[in-house]
Amino acid sequence: MKASLFYQIAAVLLLLLAAGHTFGFSQSDPTWGVDAVVGSMRSIHFDIQGFSRTYWDFFVAAGYSVGVFYLFAAVLAWQLGGLPAEALAAMRVTAWAFAFCFAAITIVSWSFLFIIPIGFSLLITICLAAAAWLSGKVG
């Protein structure tokens, strides 16, 4: 197999993760019993550096920021997948940094999240590590 295929698979998984995260991070199920906490996060305002904000604002900002990062990562993976083998071989540090970044995200997901982000993060990490490994092989 070639590194480009693993990058393209990772790109598709990242795009799905970006969409799922962006549209789902702020959803809650009434059976979780978090309505009071969410209501509190939304209703208590405080001033910070000249802006009136809530903890909900911070939560939403963090959620959208992660979605934007996943979208960027999808574009990066797709672009890496389109590079010739010689160019990928010259970018091994970037390739491994990308893989290690998602390995860390997998650990965070395992520690704090649930099966869907754990599964996606793990599959993306495997694809990126395989691509990084194969990117050192020219020809």
# chains A, B, ... in the order shown; residues from 1 in each chain; ligands from 1
call {"tool": "residues_around", "arguments": {"residues": "Cys101 of chain A", "least_positions_apart": "2", "cutoff": "12 Å", "atoms": "only C-alpha atoms", "output": "PDB file with N, CA and C atoms, in the first residue's frame"}}
result
ATOM      1  N   PHE A  69     -10.117  22.744  13.658  1.00  0.00           N
ATOM      2  CA  PHE A  69      -8.852  22.017  13.619  1.00  0.00           C
ATOM      3  C   PHE A  69      -9.006  20.707  12.855  1.00  0.00           C
ATOM      4  N   TYR A  70     -10.078  19.948  13.112  1.00  0.00           N
ATOM      5  CA  TYR A  70     -10.289  18.695  12.397  1.00  0.00           C
ATOM      6  C   TYR A  70     -10.457  18.934  10.895  1.00  0.00           C
ATOM      7  N   ALA A  73      -7.068  19.579   9.540  1.00  0.00           N
ATOM      8  CA  ALA A  73      -6.331  18.323   9.496  1.00  0.00           C
ATOM      9  C   ALA A  73      -6.773  17.473   8.304  1.00  0.00           C
ATOM     10  N   VAL A  93       9.356  14.469   9.275  1.00  0.00           N
ATOM     11  CA  VAL A  93       9.106  15.056  10.602  1.00  0.00           C
ATOM     12  C   VAL A  93       7.664  15.535  10.691  1.00  0.00           C
ATOM     13  N   THR A  94       7.179  16.183   9.653  1.00  0.00           N
ATOM     14  CA  THR A  94       5.791  16.641   9.624  1.00  0.00           C
ATOM     15  C   THR A  94       4.835  15.453   9.673  1.00  0.00           C
ATOM     16  N   ALA A  95       5.138  14.424   8.899  1.00  0.00           N
ATOM     17  CA  ALA A  95       4.272  13.244   8.855  1.00  0.00           C
ATOM     18  C   ALA A  95       4.176  12.590  10.231  1.00  0.00           C
ATOM     19  N   TRP A  96       5.309  12.426  10.905  1.00  0.00           N
ATOM     20  CA  TRP A  96       5.288  11.805  12.231  1.00  0.00           C
ATOM     21  C   TRP A  96       4.665  12.721  13.279  1.00  0.00           C
ATOM     22  N   ALA A  97       4.893  14.025  13.172  1.00  0.00           N
ATOM     23  CA  ALA A  97       4.263  14.964  14.111  1.00  0.00           C
ATOM     24  C   ALA A  97       2.745  14.896  13.990  1.00  0.00           C
ATOM     25  N   PHE A  98       2.250  14.792  12.779  1.00  0.00           N
ATOM     26  CA  PHE A  98       0.816  14.669  12.521  1.00  0.00           C
ATOM     27  C   PHE A  98       0.281  13.390  13.173  1.00  0.00           C
ATOM     28  N   ALA A  99       0.987  12.284  12.982  1.00  0.00           N
ATOM     29  CA  ALA A  99       0.568  11.013  13.574  1.00  0.00           C
ATOM     30  C   ALA A  99       0.602  11.075  15.102  1.00  0.00           C
ATOM     31  N   ALA A 103      -2.263  10.591  17.947  1.00  0.00           N
ATOM     32  CA  ALA A 103      -2.092   9.609  19.018  1.00  0.00           C
ATOM     33  C   ALA A 103      -2.438  10.263  20.356  1.00  0.00           C
ATOM     34  N   ALA A 104      -1.994  11.513  20.542  1.00  0.00           N
ATOM     35  CA  ALA A 104      -2.329  12.249  21.772  1.00  0.00           C
ATOM     36  C   ALA A 104      -3.830  12.507  21.853  1.00  0.00           C
ATOM     37  N   ILE A 105      -4.447  12.851  20.735  1.00  0.00           N
ATOM     38  CA  ILE A 105      -5.896  13.068  20.714  1.00  0.00           C
ATOM     39  C   ILE A 105      -6.626  11.767  21.052  1.00  0.00           C
ATOM     40  N   THR A 106      -6.098  10.644  20.602  1.00  0.00           N
ATOM     41  CA  THR A 106      -6.695   9.345  20.932  1.00  0.00           C
ATOM     42  C   THR A 106      -6.628   9.097  22.438  1.00  0.00           C
ATOM     43  N   ILE A 107      -5.507   9.425  23.053  1.00  0.00           N
ATOM     44  CA  ILE A 107      -5.363   9.258  24.505  1.00  0.00           C
ATOM     45  C   ILE A 107      -6.348  10.158  25.246  1.00  0.00           C
ATOM     46  N   VAL A 108      -6.461  11.400  24.808  1.00  0.00           N
ATOM     47  CA  VAL A 108      -7.421  12.324  25.431  1.00  0.00           C
ATOM     48  C   VAL A 108      -8.847  11.800  25.246  1.00  0.00           C
ATOM     49  N   SER A 121     -10.581   8.625  16.350  1.00  0.00           N
ATOM     50  CA  SER A 121      -9.216   9.063  16.656  1.00  0.00           C
ATOM     51  C   SER A 121      -8.223   7.920  16.474  1.00  0.00           C
ATOM     52  N   LEU A 122      -8.605   6.742  16.920  1.00  0.00           N
ATOM     53  CA  LEU A 122      -7.719   5.581  16.791  1.00  0.00           C
ATOM     54  C   LEU A 122      -7.488   5.227  15.320  1.00  0.00           C
ATOM     55  N   ILE A 124      -7.806   7.187  12.707  1.00  0.00           N
ATOM     56  CA  ILE A 124      -7.030   8.268  12.091  1.00  0.00           C
ATOM     57  C   ILE A 124      -5.560   8.130  12.476  1.00  0.00           C
ATOM     58  N   THR A 125      -5.288   7.836  13.742  1.00  0.00           N
ATOM     59  CA  THR A 125      -3.909   7.657  14.199  1.00  0.00           C
ATOM     60  C   THR A 125      -3.242   6.504  13.447  1.00  0.00           C
ATOM     61  N   ILE A 126      -3.943   5.399  13.295  1.00  0.00           N
ATOM     62  CA  ILE A 126      -3.385   4.253  12.564  1.00  0.00           C
ATOM     63  C   ILE A 126      -3.069   4.633  11.121  1.00  0.00           C
ATOM     64  N   LEU A 128      -2.535   7.675   9.879  1.00  0.00           N
ATOM     65  CA  LEU A 128      -1.441   8.652   9.817  1.00  0.00           C
ATOM     66  C   LEU A 128      -0.097   8.016  10.143  1.00  0.00           C
ATOM     67  N   ALA A 129      -0.076   7.077  11.088  1.00  0.00           N
ATOM     68  CA  ALA A 129       1.187   6.386  11.413  1.00  0.00           C
ATOM     69  C   ALA A 129       1.633   5.507  10.237  1.00  0.00           C
TER      70      ALA A 129
END
call {"tool": "closest_atom_pairs", "arguments": {"of": "segment 29-136 of chain A", "to": "segment 5-19 of chain A", "cutoff": "6 Å", "atoms": "only C-alpha atoms", "output": "tab-separated table"}}
result
residue	atom	partner	partner_atom	distance
A:Gly67	CA	A:Ala18	CA	4.8
A:Tyr70	CA	A:Ala18	CA	5.0
A:Leu71	CA	A:Ala18	CA	5.6
A:Ala74	CA	A:Ala11	CA	4.2
A:Ala77	CA	A:Tyr7	CA	5.1
A:Trp78	CA	A:Gln8	CA	5.4
A:Gly81	CA	A:Tyr7	CA	4.8
A:Ile124	CA	A:Ala10	CA	5.2
A:Cys127	CA	A:Phe6	CA	5.0
A:Ala131	CA	A:Phe6	CA	5.4
call {"tool": "select_by_dssp", "arguments": {"residues": "segment 19-127 of chain A", "states": "alpha helix (DSSP H)", "output": "number ranges by chain"}}
result
A: 19-24, 35-43, 55-81, 85-90, 92-112, 115-127
call {"tool": "select_by_dssp", "arguments": {"residues": "chain A", "states": "strand (DSSP E or B)", "output": "list in words"}}
result
His45, Phe46, Asp47, Ile48, Phe51, Ser52, Arg53 and Thr54 of chain A
call {"tool": "atom_distance", "arguments": {"atom1": "atom CA of Pro30 of chain A", "atom2": "atom CA of Ser52 of chain A"}}
result
28.0 Å
call {"tool": "closest_residue", "arguments": {"among": "A:Ser135, A:Gln27, A:Ser109, A:Ser40", "to": "Gly82 of chain A", "atoms": "only C-alpha atoms"}}
result
A:Ser135
call {"tool": "closest_residue", "arguments": {"among": "A:Phe25, A:Trp133, A:Leu80, A:Val34", "to": "Ala61 of chain A", "atoms": "only C-alpha atoms"}}
result
A:Phe25
call {"tool": "atom_distance", "arguments": {"atom1": "atom CA of Ile118 of chain A", "atom2": "atom CA of Ala89 of chain A"}}
result
29.2 Å
call {"tool": "atom_distance", "arguments": {"atom1": "atom CA of Ile44 of chain A", "atom2": "atom CA of Asp29 of chain A"}}
result
21.7 Å
call {"tool": "residues_around", "arguments": {"residues": "His45 of chain A", "least_positions_apart": "6", "cutoff": "9 Å", "atoms": "only C-alpha atoms", "output": "ChimeraX atom specification"}}
result
/A:52-55
call {"tool": "closest_residue", "arguments": {"among": "A:Leu123, A:Leu83, A:Ala62, A:Ala90", "to": "His21 of chain A", "atoms": "only C-alpha atoms"}}
result
A:Ala62
call {"tool": "closest_residue", "arguments": {"among": "A:Gly119, A:Gly50, A:Gly136, A:Gly20", "to": "Val66 of chain A", "atoms": "only C-alpha atoms"}}
result
A:Gly20
